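Notes for the one structure printed next.
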Amino acid sequence: AYRQQLAEKLSRKELPLGVRYHVFVDPPGPKIGNGGSTLHVLQCLEDLYGDKWTSFIVLLIHSGGYSQRLPSASALGKIFTALPFGDPIYQMLELKLAMYIDFPSHMKPGILVTCSDDIELYSTGVTETITFDKPGFTALAHPSDLTVGTTHGVFVLDPSSFSGKGGLEYTSCHHFLHKPDIETMRQCGAICVRGNCSQLSSSGDYSDSENDLECVYTDSIFYMDHSIAKQLLTFYKQMGTLCCEIDAYGDFLQALGPGATQDYTENTSNVTKEESRLVEVRQKLYSLLKGTTLNVIVLNNSKFYHIGTTQEYLFHFTSDSKLKFELNLLSVAFSIFSDKAETLDQSASIIQSILEPGCFVGPGSVIEYSRIGPEVSVGKNSIISGSYINVKVDIPSNCFLSSLSIKINDQVKYVSMVFSVEDNLKKSVKLLSDIHSLQFFGASLLECLDLWGVKVSDQLFSGENTHLGLWTARIFPVCSTLSESVSMSLKMLNSVQHMSAFKLNGFKLLSVEEMLTCKDVEDMLKFRKQIYDEIRLQR
C-alpha cells in the first residue's frame, strides 16, 4: 500500500524528486515497537548501502500501527491521511516534508525520528535557524499545559543554560520524563513559568486558569547523530531477535542526560506483555546510552498537534481550531460540490469528494474520498471515508463510516465498517460471557448481535480468542458492490438505533481485523483515482 501510493505521488510530481524513499516493514514475529523499528531501519539502510548510510541525512517516519483510534487510516496508512487543503490534496506525508523543509541544510548526517499523526508548527525570528549539528541526541521542545505533559515526554531542562525567553533557545536536558504525573513533574523541577507573551494552551485555545503561567516542555521529534545510530545498530546486531516492544521515546530518551537513573527500566505500567525480557533490554540500552547528551531546542513560539483519533481529527478539521486557522484548512478542498446542493455548514470538511446536488452535510462532519448521492443527509460530527452512497438515507450524527475493497478467492468484494465516532475499538474482553460490556453506537454489542441475528460463539471473533472486541467482531457483511456494502452497514446501524431487527443471514461476515488482512489496495486507489480524474475534468 505504501509503496504504491509513493510511486503514484512521484509519478504525479507531488513529492520532491531528488530524495530516496524507502518503505521498511518490521521483521516477522512479535511486535517490536517504534524503538525496535528504528533499530531495524538502521539495519535495512546498512544492508542496502553498506557504510555509505553513515553519510546520509535520514527522515524516519513511524507510520505503522493499526490506527484503531482512527480506522479510516488503517487500510492505507496514517502517513497518507488526507488534509483539507491543497490542489491536489495534501496528505500528512507532504505536510511533514513541508514542515521540515529547512532542516536538512542545517543538519549533520544523522536520523530525524518522527511519527505520522502529529503536526509541529513554529515560528522563529528571521535570523534564527533550527540546527541539528551536535553529537548525541537533539530534541525539539514545545511549551504545554501540565495535563498535556502527563501523556507526553517532558524535559527537565538545565536551569543554568535556559532562560525561557525568546522564540528559540538551545539548551540541554538534565533528564527526560516519560508520561509523568504532575507530582513527579514538580518534584523533578520540570515545571516552568511562561514568559509574559500571550501563550496558547495546548488544546489550541486560550485558557484563563490561574495555573496558566505554569508549563512544561514536551517532546515531538528528535534527531540522533551517526555515531549514536551506529552504536544502536551494533546493539541490535548483538541482541539478535527482539522479543519485546521498545519505545523510541521512552526507552531511548529516558537513558539520556546527567540526571538519568535506571529506575524507569523496571516500570512496566504502560506495557502489556513480555515484561521480564523488556526490563533486560531496557537495562542494556541504558548501559549503552548512559551519559549521552540530550540537547534540546526550545521553541517557545510553537504548537504540537496530534490527529490520531476520531475526536482530534474532527476537532482540528471542523471546529474553529487554531490548527485550522494556522494551516488555512478549507471547508471544501479539491472536491465537486454543486451550488444547488443544500447549504453546507462552514464547519464541515469535504476532501477530494463528489457531492451531488440535493445532498446535505451537517456541521462538524468530514467526508473524504467519497461520492455522495442527491438524497443523502449526513448528520453532525460524522466521518465518511472511501464510500459511495447512492440511496436515500439519513446518516445519523456521530457516525463513523469507512469502506474497503477486499479480495476473496481472487474476486474483488466490498465491506463497510460503521461505528460511533466515540466507540472504543481498542477495548477488548477475554471471555464470551463478558461481551455485554462492549458498546456499539451506545448499545450493548450483545443486543446488537441479537437484532442482526448473529449467534454468540467462539466463531464470532477473529484472531486469538483472548481479544474479544469491536476490532475482532465478525459483524460486517461482504457485498459485491461498494454502494451495497455501504447500504447494508447503514441498515445495521439503523436497526440498532430503532431497536428493530435486521437479519444478516446469508452474508459472509468479517471483522475489521480480517478486512485489513484481505484488503485490495489497488481497487481502493482506483476508486480514489476515478474521483480525482472526475474533479480534474470539471476544473
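Just remember, in the C-alpha cells the first chain shown is A, the second B, etc., residues are 1-based per chain, and ligands are 1-based in the order shown.
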
Going by DSSP on the backbone, which bits of segment 230-307 of chain A are strand (DSSP E or B)? Write them as a list in words, please.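 Result set for segment 230-307 of chain A (strand (DSSP E or B)): Leu294, Asn295, Val296, Ile297, Val298, Leu299, Ser302, Lys303, Phe304, Tyr305 and His306 of chain A.
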
As an MDAnalysis selection string, which residues of segment 143-363 of chain A does DSSP assign to alpha helix (DSSP H)? chainID A and resid 146:149 182:188 226:239 275:289 310:318 322:327

Save the residues we just selected, C-alpha atoms, as a PDB file, in the first residue's frame?
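Once everything was written out, this is part_12.pdb:
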```pdb
ATOM      1  CA  LEU A 146       0.785  20.312  32.681  1.00  0.00           C
ATOM      2  CA  THR A 147      -2.060  17.933  31.758  1.00  0.00           C
ATOM      3  CA  VAL A 148      -0.597  17.539  28.261  1.00  0.00           C
ATOM      4  CA  GLY A 149       2.713  16.585  29.872  1.00  0.00           C
ATOM      5  CA  ILE A 182       2.059  16.259  37.773  1.00  0.00           C
ATOM      6  CA  GLU A 183       3.556  15.474  41.186  1.00  0.00           C
ATOM      7  CA  THR A 184       6.618  13.903  39.515  1.00  0.00           C
ATOM      8  CA  MET A 185       6.990  16.954  37.259  1.00  0.00           C
ATOM      9  CA  ARG A 186       7.045  19.189  40.361  1.00  0.00           C
ATOM     10  CA  GLN A 187       9.494  17.026  42.277  1.00  0.00           C
ATOM     11  CA  CYS A 188      11.885  16.826  39.315  1.00  0.00           C
ATOM     12  CA  HIS A 226      25.504   8.882  13.180  1.00  0.00           C
ATOM     13  CA  SER A 227      27.859   7.823  15.940  1.00  0.00           C
ATOM     14  CA  ILE A 228      24.809   7.116  18.154  1.00  0.00           C
ATOM     15  CA  ALA A 229      22.978   5.415  15.264  1.00  0.00           C
ATOM     16  CA  LYS A 230      25.981   3.131  14.714  1.00  0.00           C
ATOM     17  CA  GLN A 231      26.119   2.221  18.422  1.00  0.00           C
ATOM     18  CA  LEU A 232      22.401   1.386  18.330  1.00  0.00           C
ATOM     19  CA  LEU A 233      22.851  -0.749  15.209  1.00  0.00           C
ATOM     20  CA  THR A 234      25.708  -2.683  16.873  1.00  0.00           C
ATOM     21  CA  PHE A 235      23.428  -3.220  19.893  1.00  0.00           C
ATOM     22  CA  TYR A 236      20.656  -4.521  17.590  1.00  0.00           C
ATOM     23  CA  LYS A 237      23.018  -6.978  15.907  1.00  0.00           C
ATOM     24  CA  GLN A 238      24.227  -8.259  19.285  1.00  0.00           C
ATOM     25  CA  MET A 239      20.646  -8.739  20.512  1.00  0.00           C
ATOM     26  CA  GLU A 275       7.819  -7.791  30.882  1.00  0.00           C
ATOM     27  CA  SER A 276      10.852  -9.771  32.025  1.00  0.00           C
ATOM     28  CA  ARG A 277      12.554  -9.570  28.628  1.00  0.00           C
ATOM     29  CA  LEU A 278      11.726  -5.873  28.356  1.00  0.00           C
ATOM     30  CA  VAL A 279      13.453  -4.973  31.629  1.00  0.00           C
ATOM     31  CA  GLU A 280      16.602  -6.757  30.465  1.00  0.00           C
ATOM     32  CA  VAL A 281      16.609  -4.988  27.049  1.00  0.00           C
ATOM     33  CA  ARG A 282      15.967  -1.606  28.685  1.00  0.00           C
ATOM     34  CA  GLN A 283      18.844  -2.112  31.098  1.00  0.00           C
ATOM     35  CA  LYS A 284      21.191  -2.921  28.210  1.00  0.00           C
ATOM     36  CA  LEU A 285      20.029   0.190  26.331  1.00  0.00           C
ATOM     37  CA  TYR A 286      20.501   2.255  29.482  1.00  0.00           C
ATOM     38  CA  SER A 287      24.090   0.985  29.869  1.00  0.00           C
ATOM     39  CA  LEU A 288      24.764   1.787  26.214  1.00  0.00           C
ATOM     40  CA  LEU A 289      23.308   5.315  26.176  1.00  0.00           C
ATOM     41  CA  THR A 310     -11.560  10.429  15.583  1.00  0.00           C
ATOM     42  CA  GLN A 311     -12.176  13.183  18.159  1.00  0.00           C
ATOM     43  CA  GLU A 312      -8.910  15.045  17.463  1.00  0.00           C
ATOM     44  CA  TYR A 313      -9.441  14.655  13.718  1.00  0.00           C
ATOM     45  CA  LEU A 314     -12.957  16.125  13.859  1.00  0.00           C
ATOM     46  CA  PHE A 315     -11.930  18.903  16.261  1.00  0.00           C
ATOM     47  CA  HIS A 316      -8.972  20.128  14.215  1.00  0.00           C
ATOM     48  CA  PHE A 317     -10.631  19.836  10.793  1.00  0.00           C
ATOM     49  CA  THR A 318     -14.070  21.223  11.582  1.00  0.00           C
ATOM     50  CA  LYS A 322      -6.005  27.023  15.933  1.00  0.00           C
ATOM     51  CA  LEU A 323      -4.681  24.387  13.534  1.00  0.00           C
ATOM     52  CA  LYS A 324      -7.454  25.148  11.046  1.00  0.00           C
ATOM     53  CA  PHE A 325      -6.544  28.825  11.216  1.00  0.00           C
ATOM     54  CA  GLU A 326      -2.777  28.308  11.091  1.00  0.00           C
ATOM     55  CA  LEU A 327      -2.794  25.886   8.132  1.00  0.00           C
TER      56      LEU A 327
END
```

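For the pair atom CA of Thr293 of chain A and atom CA of Gly136 of chain A, the interatomic distance is 5.4 Å.
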
Got a sec: who's within 8 Å of Tyr414 of chain A, counting only C-alpha atoms, leaving out chain neighbours fewer than 2 positions off, as a PyMOL selection string? chain A and resi 403-406+412+416+478-482+485

Expected file contents, prior selection, N, CA, C and O atoms, as a PDB file, in the first residue's frame:
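Dumped everything to out03.pdb:
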```
ATOM      1  N   SER A 403     -15.281   2.537   4.017  1.00  0.00           N
ATOM      2  CA  SER A 403     -15.451   1.372   3.132  1.00  0.00           C
ATOM      3  C   SER A 403     -14.112   0.874   2.621  1.00  0.00           C
ATOM      4  O   SER A 403     -13.218   1.665   2.323  1.00  0.00           O
ATOM      5  N   LEU A 404     -14.008  -0.447   2.499  1.00  0.00           N
ATOM      6  CA  LEU A 404     -12.783  -1.071   1.999  1.00  0.00           C
ATOM      7  C   LEU A 404     -13.096  -2.016   0.853  1.00  0.00           C
ATOM      8  O   LEU A 404     -14.142  -2.678   0.858  1.00  0.00           O
ATOM      9  N   SER A 405     -12.189  -2.053  -0.119  1.00  0.00           N
ATOM     10  CA  SER A 405     -12.241  -3.106  -1.139  1.00  0.00           C
ATOM     11  C   SER A 405     -11.440  -4.274  -0.572  1.00  0.00           C
ATOM     12  O   SER A 405     -10.385  -4.064   0.020  1.00  0.00           O
ATOM     13  N   ILE A 406     -11.946  -5.486  -0.790  1.00  0.00           N
ATOM     14  CA  ILE A 406     -11.213  -6.667  -0.308  1.00  0.00           C
ATOM     15  C   ILE A 406     -11.134  -7.688  -1.440  1.00  0.00           C
ATOM     16  O   ILE A 406     -11.864  -7.583  -2.425  1.00  0.00           O
ATOM     17  N   VAL A 412     -12.890  -9.295  -6.318  1.00  0.00           N
ATOM     18  CA  VAL A 412     -12.985  -8.048  -5.551  1.00  0.00           C
ATOM     19  C   VAL A 412     -14.385  -7.939  -4.940  1.00  0.00           C
ATOM     20  O   VAL A 412     -15.397  -8.077  -5.633  1.00  0.00           O
ATOM     21  N   SER A 416     -18.067  -2.373   4.411  1.00  0.00           N
ATOM     22  CA  SER A 416     -18.051  -1.051   5.049  1.00  0.00           C
ATOM     23  C   SER A 416     -18.166  -1.217   6.550  1.00  0.00           C
ATOM     24  O   SER A 416     -19.063  -1.903   7.033  1.00  0.00           O
ATOM     25  N   VAL A 478     -20.021  -8.896   3.692  1.00  0.00           N
ATOM     26  CA  VAL A 478     -19.261  -8.776   2.439  1.00  0.00           C
ATOM     27  C   VAL A 478     -20.265  -8.650   1.298  1.00  0.00           C
ATOM     28  O   VAL A 478     -21.184  -9.453   1.184  1.00  0.00           O
ATOM     29  N   CYS A 479     -20.098  -7.620   0.451  1.00  0.00           N
ATOM     30  CA  CYS A 479     -21.043  -7.375  -0.644  1.00  0.00           C
ATOM     31  C   CYS A 479     -20.309  -7.301  -1.974  1.00  0.00           C
ATOM     32  O   CYS A 479     -19.095  -7.123  -2.021  1.00  0.00           O
ATOM     33  N   SER A 480     -21.092  -7.403  -3.076  1.00  0.00           N
ATOM     34  CA  SER A 480     -20.417  -7.403  -4.383  1.00  0.00           C
ATOM     35  C   SER A 480     -20.235  -6.009  -4.961  1.00  0.00           C
ATOM     36  O   SER A 480     -19.493  -5.839  -5.913  1.00  0.00           O
ATOM     37  N   THR A 481     -20.923  -4.992  -4.392  1.00  0.00           N
ATOM     38  CA  THR A 481     -20.656  -3.624  -4.858  1.00  0.00           C
ATOM     39  C   THR A 481     -20.399  -2.715  -3.654  1.00  0.00           C
ATOM     40  O   THR A 481     -20.841  -3.007  -2.538  1.00  0.00           O
ATOM     41  N   LEU A 482     -19.702  -1.614  -3.930  1.00  0.00           N
ATOM     42  CA  LEU A 482     -19.375  -0.652  -2.872  1.00  0.00           C
ATOM     43  C   LEU A 482     -20.653  -0.043  -2.303  1.00  0.00           C
ATOM     44  O   LEU A 482     -20.830   0.045  -1.084  1.00  0.00           O
ATOM     45  N   SER A 485     -22.541  -2.391  -0.012  1.00  0.00           N
ATOM     46  CA  SER A 485     -21.900  -2.604   1.290  1.00  0.00           C
ATOM     47  C   SER A 485     -22.188  -1.426   2.235  1.00  0.00           C
ATOM     48  O   SER A 485     -22.435  -1.616   3.425  1.00  0.00           O
TER      49      SER A 485
END
```

Pick from A:Thr114, A:Ser457, A:Ser500, A:Thr138 nearest to Ala473 of chain A, counting only C-alpha atoms: A:Ser457

So what do you get for atom CA of Gly453 of chain A versus atom CA of Lys503 of chain A, distance-wise? 5.1 Å

For Lys426 of chain A, please output as JSON, numbers by chain all residues within 9 Å (counting only C-alpha atoms; exclusion window: fewer than 5 positions along the same chain). {"A": [68, 69, 469, 470, 471]}

Residues of the last selection are to be written out with C-alpha atoms, as an mmCIF file, in the first residue's frame.
```cif
data_model
loop_
_atom_site.group_PDB
_atom_site.id
_atom_site.type_symbol
_atom_site.label_atom_id
_atom_site.label_comp_id
_atom_site.auth_asym_id
_atom_site.auth_seq_id
_atom_site.Cartn_x
_atom_site.Cartn_y
_atom_site.Cartn_z
ATOM 1 C CA GLN A 68 -7.616 1.685 15.864
ATOM 2 C CA ARG A 69 -8.469 5.164 17.115
ATOM 3 C CA GLY A 469 -13.820 -6.534 20.944
ATOM 4 C CA LEU A 470 -15.269 -4.376 18.165
ATOM 5 C CA TRP A 471 -11.987 -4.718 16.242
#
```

Rank A:Val332, A:Leu95, A:Ser511, A:Met488 by their smallest atom-to-atom distance to Gly463 of chain A, using only C-alpha atoms, and report the top residue only.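 Ranked by minimum distance to Gly463 of chain A, first place goes to A:Ser511.
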